[in-house]
Amino acid sequence: MSQTADTVRIKPDWNPSRLHVGIDVSRLMGTAIKPHKSSLGGMIDLDFHRFLLAFEGGVEQINRIKTYEYTNQGAFLKWGIDYNLIPSNEYRNMISLGLRYAQSRFSDQLDFTQENLWFGTQTLQFSNQNISAHWTEILLRLNVQVWKNVFLGSVLRIEIMKNISAPDQFIPFDIPGWGRHWKSGTDEKTANMGFSYYLIYHFSFREKEIPLKKIK
Amino acid sequence: MRFWLFFLSFGFCLFESCNEVEDCTLDPYGNYAVATFDMLSGESKIIAFDSIILEGFGRLPGDRDTLIGMLLPLPVENTEAVFNYYTDSSLYSLAIGYKSQPLIYDLYCEATIRFYDLDTSYQSFDSLVIVGSEVHLDYVPINFEIYL
C-alpha cells in the first residue's frame, strides 16, 4: 500500500518571535560548593526561523590557597549562532547545535614562598594585568520546558582554538570562561570540554506557527 | 518525549571531566643550572676551587669542595648570573643569561619556577658547551660542559 507524501512547505519566518533569558545555574552551584570560586553567568538568545542569535557572558573570581595563593578575576563574553534541530516540537523544547566565538579578559596574581638552598626562604609575587584570550566553541544544547515559560537548558561545549595574549610575568593557570589553562607543568590544554546548566525564561513577542513534521 | 529530554539534560552531567592529579615529586624544575667540568684531554678530573663567588650574592656554600660538577643557583629576580671561580693562581668567570617563568606545575603541587633560554654572555674558560638551555631535571640533567 502506498503512502502519499503529506508535506506542507511553510515559508520560513525570519521575524523574531521570542527571547530566551537565562541564568547559569551551574555557576551558582559552583559558587555555593567550591569555596575558592565565585562566578555568575547568563545567556540571552533570539530566534530567526530555525536559527538563534545567542550571547553568553559572565564574571569569575578564583582564589586558590594552597602552598601558594593564586587569584584570578575577569569576565568573558561569547556570541554565535544555534541551529534548532527540532523546530516542530509542540512544547518549544529544543535540541540545537551551535557555534560560539568567545573572549575573556582577566588579571591574575601568584604569591608563594620558595625554599632555596642558596638564597634562603624567598617570598615571591608575580602578576598579570589585562590578559586577553579568545577561542571557539562547538555546542550541543538542550532546552526543556519545565513549567509554562520556564525552561531548563543544558549545554555541552567543546572549546578549541584557544589563543592567549602574552602574559606580563607568568603563565595564567585559569582563564575565565574557559577553565584551566594548564594540564600540568608546561603542558597546555589546547582543547577543553565544558558544561553549563541554565534556568531560562521564555519571553514570547508573538505567536509563531510551529512547522509541521514531515510525514513519510 | 518530555521525560526523555529531561533525562538527557541530567545525563549531560556525566560528561563533566575530571583532571588527573599529578605526582608532585615529578616536578622537573629546579632553581639552578648544572655545570660539569671536563679536561680537554677527555678524562674527567676533579677540580678544586678556592672559592666561587656569585656576584650580588657572595660566596657559594660548598665551594671549596673538590668538584667534577657544580650547581649554579639562578636568582629569579634577575636575568643574568655572574659566577667568578677563584683558584690559587687564576680567575675564571661565567656569566649566564636566562629567562624565568613562574608556574603552577599542578594544582596540588607547590608553585615552581622554570628557567629557560640559558645562554652565556661571557666566559673565560678554555671552552664551554651549552648542553641544555632549559633547567629540566628529566630531559636535560646537565646544562653546561666546561672545559679547562
# chains A, B, ... in the order shown; residues from 1 in each chain; ligands from 1

$ select_by_dssp --residues "region 47-110 of chain A" --states "strand (DSSP E or B)" --output "MDAnalysis selection string"
chainID A and resid 47:48 51:65 68:84 94:110

$ interface_residues --of "chain B" --to "chain A" --cutoff "6 Å" --atoms "only C-alpha atoms" --output "VMD selection string"
chain B and resid 9 101 to 102 105 to 106 110

$ decode --residues "region 27-151 of chain A" --atoms "C-alpha atoms" --output "PDB file, in the first residue's frame"
ATOM      1  CA  ARG A  27      27.976  28.645  38.043  1.00  0.00           C
ATOM      2  CA  LEU A  28      25.733  29.453  41.009  1.00  0.00           C
ATOM      3  CA  MET A  29      26.068  25.872  42.229  1.00  0.00           C
ATOM      4  CA  GLY A  30      29.827  26.037  41.738  1.00  0.00           C
ATOM      5  CA  THR A  31      29.949  29.241  43.779  1.00  0.00           C
ATOM      6  CA  ALA A  32      27.996  27.560  46.566  1.00  0.00           C
ATOM      7  CA  ILE A  33      30.017  24.334  46.551  1.00  0.00           C
ATOM      8  CA  LYS A  34      33.548  25.459  45.713  1.00  0.00           C
ATOM      9  CA  PRO A  35      34.993  27.832  48.317  1.00  0.00           C
ATOM     10  CA  HIS A  36      37.774  29.023  46.004  1.00  0.00           C
ATOM     11  CA  LYS A  37      35.470  30.106  43.205  1.00  0.00           C
ATOM     12  CA  SER A  38      32.711  32.652  42.780  1.00  0.00           C
ATOM     13  CA  SER A  39      31.091  33.086  39.442  1.00  0.00           C
ATOM     14  CA  LEU A  40      27.995  34.438  37.784  1.00  0.00           C
ATOM     15  CA  GLY A  41      26.853  33.830  34.239  1.00  0.00           C
ATOM     16  CA  GLY A  42      23.895  34.356  31.978  1.00  0.00           C
ATOM     17  CA  MET A  43      22.633  33.942  28.449  1.00  0.00           C
ATOM     18  CA  ILE A  44      20.247  35.556  26.025  1.00  0.00           C
ATOM     19  CA  ASP A  45      19.091  34.391  22.612  1.00  0.00           C
ATOM     20  CA  LEU A  46      16.684  35.474  19.915  1.00  0.00           C
ATOM     21  CA  ASP A  47      15.156  33.246  17.242  1.00  0.00           C
ATOM     22  CA  PHE A  48      15.283  33.778  13.468  1.00  0.00           C
ATOM     23  CA  HIS A  49      13.487  30.936  11.702  1.00  0.00           C
ATOM     24  CA  ARG A  50      15.400  27.826  12.858  1.00  0.00           C
ATOM     25  CA  PHE A  51      18.408  29.847  13.952  1.00  0.00           C
ATOM     26  CA  LEU A  52      19.118  31.624  17.209  1.00  0.00           C
ATOM     27  CA  LEU A  53      21.436  34.525  17.744  1.00  0.00           C
ATOM     28  CA  ALA A  54      22.941  33.765  21.142  1.00  0.00           C
ATOM     29  CA  PHE A  55      25.032  35.617  23.689  1.00  0.00           C
ATOM     30  CA  GLU A  56      26.534  34.269  26.878  1.00  0.00           C
ATOM     31  CA  GLY A  57      28.590  36.118  29.424  1.00  0.00           C
ATOM     32  CA  GLY A  58      29.762  36.137  32.972  1.00  0.00           C
ATOM     33  CA  VAL A  59      32.251  37.124  35.590  1.00  0.00           C
ATOM     34  CA  GLU A  60      34.527  34.829  37.539  1.00  0.00           C
ATOM     35  CA  GLN A  61      36.801  35.149  40.542  1.00  0.00           C
ATOM     36  CA  ILE A  62      39.131  32.398  41.665  1.00  0.00           C
ATOM     37  CA  ASN A  63      41.214  32.347  44.801  1.00  0.00           C
ATOM     38  CA  ARG A  64      43.205  29.146  45.211  1.00  0.00           C
ATOM     39  CA  ILE A  65      45.006  28.979  48.539  1.00  0.00           C
ATOM     40  CA  LYS A  66      47.327  26.009  48.786  1.00  0.00           C
ATOM     41  CA  THR A  67      51.084  26.144  49.333  1.00  0.00           C
ATOM     42  CA  TYR A  68      50.705  29.146  47.023  1.00  0.00           C
ATOM     43  CA  GLU A  69      47.973  31.725  46.605  1.00  0.00           C
ATOM     44  CA  TYR A  70      46.624  32.226  43.121  1.00  0.00           C
ATOM     45  CA  THR A  71      43.950  34.811  42.415  1.00  0.00           C
ATOM     46  CA  ASN A  72      42.288  35.350  39.081  1.00  0.00           C
ATOM     47  CA  GLN A  73      39.423  37.651  38.232  1.00  0.00           C
ATOM     48  CA  GLY A  74      37.879  38.566  34.948  1.00  0.00           C
ATOM     49  CA  ALA A  75      34.918  38.464  32.613  1.00  0.00           C
ATOM     50  CA  PHE A  76      34.016  36.623  29.446  1.00  0.00           C
ATOM     51  CA  LEU A  77      31.604  37.062  26.553  1.00  0.00           C
ATOM     52  CA  LYS A  78      30.553  34.509  23.953  1.00  0.00           C
ATOM     53  CA  TRP A  79      28.386  35.045  20.926  1.00  0.00           C
ATOM     54  CA  GLY A  80      27.288  32.944  17.996  1.00  0.00           C
ATOM     55  CA  ILE A  81      24.540  31.048  16.241  1.00  0.00           C
ATOM     56  CA  ASP A  82      22.490  27.980  17.208  1.00  0.00           C
ATOM     57  CA  TYR A  83      20.545  25.795  14.797  1.00  0.00           C
ATOM     58  CA  ASN A  84      17.369  24.220  16.140  1.00  0.00           C
ATOM     59  CA  LEU A  85      17.151  20.544  15.153  1.00  0.00           C
ATOM     60  CA  ILE A  86      13.557  20.056  16.358  1.00  0.00           C
ATOM     61  CA  PRO A  87      11.585  23.168  15.357  1.00  0.00           C
ATOM     62  CA  SER A  88       8.354  21.167  15.265  1.00  0.00           C
ATOM     63  CA  ASN A  89       8.333  20.373  18.966  1.00  0.00           C
ATOM     64  CA  GLU A  90       4.966  21.384  20.378  1.00  0.00           C
ATOM     65  CA  TYR A  91       6.395  22.386  23.784  1.00  0.00           C
ATOM     66  CA  ARG A  92       9.062  24.600  22.186  1.00  0.00           C
ATOM     67  CA  ASN A  93      11.682  22.240  23.539  1.00  0.00           C
ATOM     68  CA  MET A  94      14.864  22.473  21.595  1.00  0.00           C
ATOM     69  CA  ILE A  95      17.889  20.451  20.635  1.00  0.00           C
ATOM     70  CA  SER A  96      20.385  22.611  18.852  1.00  0.00           C
ATOM     71  CA  LEU A  97      23.880  22.682  17.515  1.00  0.00           C
ATOM     72  CA  GLY A  98      25.794  25.894  17.907  1.00  0.00           C
ATOM     73  CA  LEU A  99      28.982  27.737  17.319  1.00  0.00           C
ATOM     74  CA  ARG A 100      30.437  30.439  19.564  1.00  0.00           C
ATOM     75  CA  TYR A 101      33.275  32.876  19.451  1.00  0.00           C
ATOM     76  CA  ALA A 102      34.449  33.561  22.997  1.00  0.00           C
ATOM     77  CA  GLN A 103      36.575  36.274  24.524  1.00  0.00           C
ATOM     78  CA  SER A 104      37.898  36.634  28.026  1.00  0.00           C
ATOM     79  CA  ARG A 105      39.735  39.439  29.776  1.00  0.00           C
ATOM     80  CA  PHE A 106      41.274  38.984  33.186  1.00  0.00           C
ATOM     81  CA  SER A 107      44.053  39.731  35.655  1.00  0.00           C
ATOM     82  CA  ASP A 108      45.777  37.279  37.957  1.00  0.00           C
ATOM     83  CA  GLN A 109      48.398  37.091  40.672  1.00  0.00           C
ATOM     84  CA  LEU A 110      50.585  34.344  42.115  1.00  0.00           C
ATOM     85  CA  ASP A 111      52.159  34.555  45.582  1.00  0.00           C
ATOM     86  CA  PHE A 112      54.346  31.840  47.033  1.00  0.00           C
ATOM     87  CA  THR A 113      57.399  31.197  49.153  1.00  0.00           C
ATOM     88  CA  GLN A 114      60.247  29.080  47.934  1.00  0.00           C
ATOM     89  CA  GLU A 115      62.925  27.364  49.962  1.00  0.00           C
ATOM     90  CA  ASN A 116      66.206  27.975  48.203  1.00  0.00           C
ATOM     91  CA  LEU A 117      69.431  26.260  49.199  1.00  0.00           C
ATOM     92  CA  TRP A 118      71.431  29.400  48.445  1.00  0.00           C
ATOM     93  CA  PHE A 119      69.123  32.331  48.976  1.00  0.00           C
ATOM     94  CA  GLY A 120      67.047  31.010  51.881  1.00  0.00           C
ATOM     95  CA  THR A 121      63.282  31.427  52.017  1.00  0.00           C
ATOM     96  CA  GLN A 122      62.107  33.758  49.289  1.00  0.00           C
ATOM     97  CA  THR A 123      58.684  35.349  49.162  1.00  0.00           C
ATOM     98  CA  LEU A 124      57.763  35.808  45.532  1.00  0.00           C
ATOM     99  CA  GLN A 125      54.925  37.676  43.902  1.00  0.00           C
ATOM    100  CA  PHE A 126      54.013  37.820  40.206  1.00  0.00           C
ATOM    101  CA  SER A 127      51.041  39.368  38.482  1.00  0.00           C
ATOM    102  CA  ASN A 128      49.489  39.851  35.061  1.00  0.00           C
ATOM    103  CA  GLN A 129      47.205  42.721  34.145  1.00  0.00           C
ATOM    104  CA  ASN A 130      44.627  42.789  31.351  1.00  0.00           C
ATOM    105  CA  ILE A 131      45.349  39.440  29.755  1.00  0.00           C
ATOM    106  CA  SER A 132      43.004  38.557  26.915  1.00  0.00           C
ATOM    107  CA  ALA A 133      42.134  35.171  25.485  1.00  0.00           C
ATOM    108  CA  HIS A 134      39.817  34.076  22.727  1.00  0.00           C
ATOM    109  CA  TRP A 135      38.641  30.708  21.484  1.00  0.00           C
ATOM    110  CA  THR A 136      35.878  28.916  19.577  1.00  0.00           C
ATOM    111  CA  GLU A 137      33.196  26.605  20.944  1.00  0.00           C
ATOM    112  CA  ILE A 138      31.026  23.924  19.391  1.00  0.00           C
ATOM    113  CA  LEU A 139      27.830  23.359  21.338  1.00  0.00           C
ATOM    114  CA  LEU A 140      25.114  20.798  21.761  1.00  0.00           C
ATOM    115  CA  ARG A 141      22.254  22.370  23.627  1.00  0.00           C
ATOM    116  CA  LEU A 142      19.016  21.001  25.073  1.00  0.00           C
ATOM    117  CA  ASN A 143      16.159  23.231  26.250  1.00  0.00           C
ATOM    118  CA  VAL A 144      13.344  21.509  28.082  1.00  0.00           C
ATOM    119  CA  GLN A 145      10.142  23.127  29.273  1.00  0.00           C
ATOM    120  CA  VAL A 146       9.613  22.545  32.973  1.00  0.00           C
ATOM    121  CA  TRP A 147       6.728  24.903  33.686  1.00  0.00           C
ATOM    122  CA  LYS A 148       4.852  27.328  31.405  1.00  0.00           C
ATOM    123  CA  ASN A 149       7.532  29.752  30.192  1.00  0.00           C
ATOM    124  CA  VAL A 150      10.315  28.305  32.329  1.00  0.00           C
ATOM    125  CA  PHE A 151      12.865  26.056  30.657  1.00  0.00           C
TER     126      PHE A 151
END
